[in-house]
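Participant: Got a structure for you, written out below as structure tokens; questions coming shortly.
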Amino acid sequence: MAASEKTQAKTEQTKGKVKEAAGRTVGNERLTAEGHVDQAKGNAREAKEKIKDAHKH
């Protein structure tokens with residue numbers, strides 16, 4: 001996995017977790033949903049990079 005892509009995936013996942021937690025804390029459903037979306041983007045990016053790595057070997 002390319003280092004920058006891996007870092008970006010982890011950043012998106014972390015950002016999503018923080019947004020989701022903040023949204024739940026203040027009762028903001030939109031912020032919670034945005035957190036879910038950010039986490040999903042990070043998960044998808046990570047999965048894509050793992051597939052690329054698997055095909056290289």
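Each chain in the structure tokens gets a letter, A, B, ..., in the order shown, and its residues are numbered from 1; ligands are numbered from 1 in order too.
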Write out as a list of chain:residue names which residues come within 7 Å of stretch 12-21 of chain A when counting only C-alpha atoms, dropping same-chain ones fewer than 6 positions away.

Facilitator: A:Leu31, A:Thr32, A:Ala33, A:Glu34, A:Gly35, A:His36, A:Asp38, A:Gln39, A:Lys41, A:Gly42, A:Asn43

Participant: Set the distance at 12 Å and use only C-alpha atoms: which residues neighbour stretch 44-55 of chain A once local chain neighbours fewer than 4 positions away are removed? I'd like the list as a PDB file with all heavy atoms, in the first residue's frame.

Facilitator:
ATOM      1  N   MET A   1       0.844  -1.161   0.000  1.00  0.00           N
ATOM      2  CA  MET A   1       0.000   0.000   0.000  1.00  0.00           C
ATOM      3  C   MET A   1       0.894   1.230   0.000  1.00  0.00           C
ATOM      4  O   MET A   1       1.838   1.311   0.768  1.00  0.00           O
ATOM      5  CB  MET A   1      -0.894  -0.025   1.242  1.00  0.00           C
ATOM      6  CG  MET A   1      -1.926   1.053   1.234  1.00  0.00           C
ATOM      7  SD  MET A   1      -2.999   1.119   2.699  1.00  0.00           S
ATOM      8  CE  MET A   1      -3.610  -0.527   2.857  1.00  0.00           C
ATOM      9  N   ALA A   2       0.600   2.148  -0.865  1.00  0.00           N
ATOM     10  CA  ALA A   2       1.368   3.389  -0.923  1.00  0.00           C
ATOM     11  C   ALA A   2       1.217   4.127   0.405  1.00  0.00           C
ATOM     12  O   ALA A   2       0.126   4.218   0.959  1.00  0.00           O
ATOM     13  CB  ALA A   2       0.883   4.259  -2.066  1.00  0.00           C
ATOM     14  N   ALA A   3       2.313   4.628   0.907  1.00  0.00           N
ATOM     15  CA  ALA A   3       2.310   5.261   2.223  1.00  0.00           C
ATOM     16  C   ALA A   3       1.313   6.419   2.296  1.00  0.00           C
ATOM     17  O   ALA A   3       0.575   6.547   3.270  1.00  0.00           O
ATOM     18  CB  ALA A   3       3.700   5.736   2.580  1.00  0.00           C
ATOM     19  N   SER A   4       1.265   7.243   1.261  1.00  0.00           N
ATOM     20  CA  SER A   4       0.363   8.391   1.302  1.00  0.00           C
ATOM     21  C   SER A   4      -1.096   7.947   1.260  1.00  0.00           C
ATOM     22  O   SER A   4      -1.949   8.534   1.931  1.00  0.00           O
ATOM     23  CB  SER A   4       0.655   9.349   0.158  1.00  0.00           C
ATOM     24  OG  SER A   4       0.411   8.723  -1.087  1.00  0.00           O
ATOM     25  N   GLU A   5      -1.403   6.930   0.492  1.00  0.00           N
ATOM     26  CA  GLU A   5      -2.772   6.416   0.428  1.00  0.00           C
ATOM     27  C   GLU A   5      -3.171   5.777   1.757  1.00  0.00           C
ATOM     28  O   GLU A   5      -4.286   5.944   2.226  1.00  0.00           O
ATOM     29  CB  GLU A   5      -2.925   5.401  -0.710  1.00  0.00           C
ATOM     30  CG  GLU A   5      -2.894   6.018  -2.088  1.00  0.00           C
ATOM     31  CD  GLU A   5      -4.105   6.890  -2.387  1.00  0.00           C
ATOM     32  OE1 GLU A   5      -5.216   6.560  -1.952  1.00  0.00           O
ATOM     33  OE2 GLU A   5      -3.917   7.928  -3.044  1.00  0.00           O
ATOM     34  N   LYS A   6      -2.238   5.050   2.352  1.00  0.00           N
ATOM     35  CA  LYS A   6      -2.513   4.412   3.638  1.00  0.00           C
ATOM     36  C   LYS A   6      -2.774   5.477   4.699  1.00  0.00           C
ATOM     37  O   LYS A   6      -3.716   5.371   5.476  1.00  0.00           O
ATOM     38  CB  LYS A   6      -1.332   3.541   4.048  1.00  0.00           C
ATOM     39  CG  LYS A   6      -1.542   2.800   5.337  1.00  0.00           C
ATOM     40  CD  LYS A   6      -0.355   1.914   5.656  1.00  0.00           C
ATOM     41  CE  LYS A   6      -0.594   1.130   6.926  1.00  0.00           C
ATOM     42  NZ  LYS A   6       0.532   0.281   7.269  1.00  0.00           N
ATOM     43  N   THR A   7      -1.939   6.498   4.694  1.00  0.00           N
ATOM     44  CA  THR A   7      -2.104   7.586   5.656  1.00  0.00           C
ATOM     45  C   THR A   7      -3.430   8.294   5.445  1.00  0.00           C
ATOM     46  O   THR A   7      -4.135   8.597   6.407  1.00  0.00           O
ATOM     47  CB  THR A   7      -0.940   8.595   5.523  1.00  0.00           C
ATOM     48  OG1 THR A   7       0.284   7.894   5.747  1.00  0.00           O
ATOM     49  CG2 THR A   7      -1.070   9.727   6.508  1.00  0.00           C
ATOM     50  N   GLN A   8      -3.770   8.542   4.199  1.00  0.00           N
ATOM     51  CA  GLN A   8      -5.021   9.224   3.902  1.00  0.00           C
ATOM     52  C   GLN A   8      -6.213   8.371   4.334  1.00  0.00           C
ATOM     53  O   GLN A   8      -7.195   8.892   4.879  1.00  0.00           O
ATOM     54  CB  GLN A   8      -5.111   9.550   2.419  1.00  0.00           C
ATOM     55  CG  GLN A   8      -6.236  10.509   2.087  1.00  0.00           C
ATOM     56  CD  GLN A   8      -6.136  11.028   0.656  1.00  0.00           C
ATOM     57  OE1 GLN A   8      -5.251  10.662  -0.088  1.00  0.00           O
ATOM     58  NE2 GLN A   8      -7.064  11.881   0.299  1.00  0.00           N
ATOM     59  N   ALA A   9      -6.147   7.074   4.131  1.00  0.00           N
ATOM     60  CA  ALA A   9      -7.232   6.183   4.536  1.00  0.00           C
ATOM     61  C   ALA A   9      -7.406   6.227   6.051  1.00  0.00           C
ATOM     62  O   ALA A   9      -8.529   6.350   6.552  1.00  0.00           O
ATOM     63  CB  ALA A   9      -6.949   4.757   4.076  1.00  0.00           C
ATOM     64  N   LYS A  10      -6.299   6.133   6.775  1.00  0.00           N
ATOM     65  CA  LYS A  10      -6.368   6.164   8.241  1.00  0.00           C
ATOM     66  C   LYS A  10      -6.870   7.516   8.740  1.00  0.00           C
ATOM     67  O   LYS A  10      -7.631   7.588   9.708  1.00  0.00           O
ATOM     68  CB  LYS A  10      -4.999   5.864   8.859  1.00  0.00           C
ATOM     69  CG  LYS A  10      -4.538   4.451   8.645  1.00  0.00           C
ATOM     70  CD  LYS A  10      -5.433   3.458   9.354  1.00  0.00           C
ATOM     71  CE  LYS A  10      -4.937   2.043   9.144  1.00  0.00           C
ATOM     72  NZ  LYS A  10      -5.885   1.051   9.657  1.00  0.00           N
ATOM     73  N   THR A  11      -6.453   8.587   8.072  1.00  0.00           N
ATOM     74  CA  THR A  11      -6.910   9.920   8.450  1.00  0.00           C
ATOM     75  C   THR A  11      -8.413  10.047   8.277  1.00  0.00           C
ATOM     76  O   THR A  11      -9.111  10.568   9.158  1.00  0.00           O
ATOM     77  CB  THR A  11      -6.186  10.999   7.614  1.00  0.00           C
ATOM     78  OG1 THR A  11      -4.783  10.888   7.849  1.00  0.00           O
ATOM     79  CG2 THR A  11      -6.665  12.389   7.970  1.00  0.00           C
ATOM     80  N   GLU A  12      -8.931   9.553   7.144  1.00  0.00           N
ATOM     81  CA  GLU A  12     -10.375   9.614   6.903  1.00  0.00           C
ATOM     82  C   GLU A  12     -11.136   8.790   7.933  1.00  0.00           C
ATOM     83  O   GLU A  12     -12.181   9.213   8.426  1.00  0.00           O
ATOM     84  CB  GLU A  12     -10.710   9.124   5.495  1.00  0.00           C
ATOM     85  CG  GLU A  12     -10.346  10.101   4.410  1.00  0.00           C
ATOM     86  CD  GLU A  12     -10.607   9.571   3.013  1.00  0.00           C
ATOM     87  OE1 GLU A  12     -10.619   8.343   2.805  1.00  0.00           O
ATOM     88  OE2 GLU A  12     -10.805  10.408   2.112  1.00  0.00           O
ATOM     89  N   GLN A  13     -10.608   7.624   8.252  1.00  0.00           N
ATOM     90  CA  GLN A  13     -11.267   6.777   9.242  1.00  0.00           C
ATOM     91  C   GLN A  13     -11.309   7.456  10.607  1.00  0.00           C
ATOM     92  O   GLN A  13     -12.344   7.477  11.276  1.00  0.00           O
ATOM     93  CB  GLN A  13     -10.551   5.430   9.351  1.00  0.00           C
ATOM     94  CG  GLN A  13     -10.712   4.567   8.120  1.00  0.00           C
ATOM     95  CD  GLN A  13      -9.772   3.382   8.120  1.00  0.00           C
ATOM     96  OE1 GLN A  13      -8.759   3.373   8.802  1.00  0.00           O
ATOM     97  NE2 GLN A  13     -10.100   2.373   7.325  1.00  0.00           N
ATOM     98  N   VAL A  37     -19.873   8.467   6.794  1.00  0.00           N
ATOM     99  CA  VAL A  37     -19.424   8.592   5.407  1.00  0.00           C
ATOM    100  C   VAL A  37     -17.902   8.669   5.340  1.00  0.00           C
ATOM    101  O   VAL A  37     -17.272   7.992   4.517  1.00  0.00           O
ATOM    102  CB  VAL A  37     -20.072   9.824   4.723  1.00  0.00           C
ATOM    103  CG1 VAL A  37     -19.437  10.104   3.374  1.00  0.00           C
ATOM    104  CG2 VAL A  37     -21.574   9.610   4.567  1.00  0.00           C
ATOM    105  N   ASP A  38     -17.305   9.476   6.195  1.00  0.00           N
ATOM    106  CA  ASP A  38     -15.842   9.599   6.212  1.00  0.00           C
ATOM    107  C   ASP A  38     -15.178   8.254   6.527  1.00  0.00           C
ATOM    108  O   ASP A  38     -14.184   7.890   5.893  1.00  0.00           O
ATOM    109  CB  ASP A  38     -15.390  10.649   7.223  1.00  0.00           C
ATOM    110  CG  ASP A  38     -15.686  12.074   6.778  1.00  0.00           C
ATOM    111  OD1 ASP A  38     -15.953  12.275   5.573  1.00  0.00           O
ATOM    112  OD2 ASP A  38     -15.651  12.977   7.633  1.00  0.00           O
ATOM    113  N   GLN A  39     -15.739   7.535   7.480  1.00  0.00           N
ATOM    114  CA  GLN A  39     -15.185   6.225   7.812  1.00  0.00           C
ATOM    115  C   GLN A  39     -15.305   5.266   6.631  1.00  0.00           C
ATOM    116  O   GLN A  39     -14.371   4.518   6.332  1.00  0.00           O
ATOM    117  CB  GLN A  39     -15.912   5.627   9.018  1.00  0.00           C
ATOM    118  CG  GLN A  39     -15.553   6.292  10.317  1.00  0.00           C
ATOM    119  CD  GLN A  39     -16.262   5.653  11.476  1.00  0.00           C
ATOM    120  OE1 GLN A  39     -16.043   4.481  11.766  1.00  0.00           O
ATOM    121  NE2 GLN A  39     -17.117   6.410  12.147  1.00  0.00           N
ATOM    122  N   ALA A  40     -16.438   5.303   5.953  1.00  0.00           N
ATOM    123  CA  ALA A  40     -16.648   4.424   4.796  1.00  0.00           C
ATOM    124  C   ALA A  40     -15.658   4.752   3.680  1.00  0.00           C
ATOM    125  O   ALA A  40     -15.122   3.850   3.027  1.00  0.00           O
ATOM    126  CB  ALA A  40     -18.079   4.541   4.293  1.00  0.00           C
TER     127      ALA A  40
END
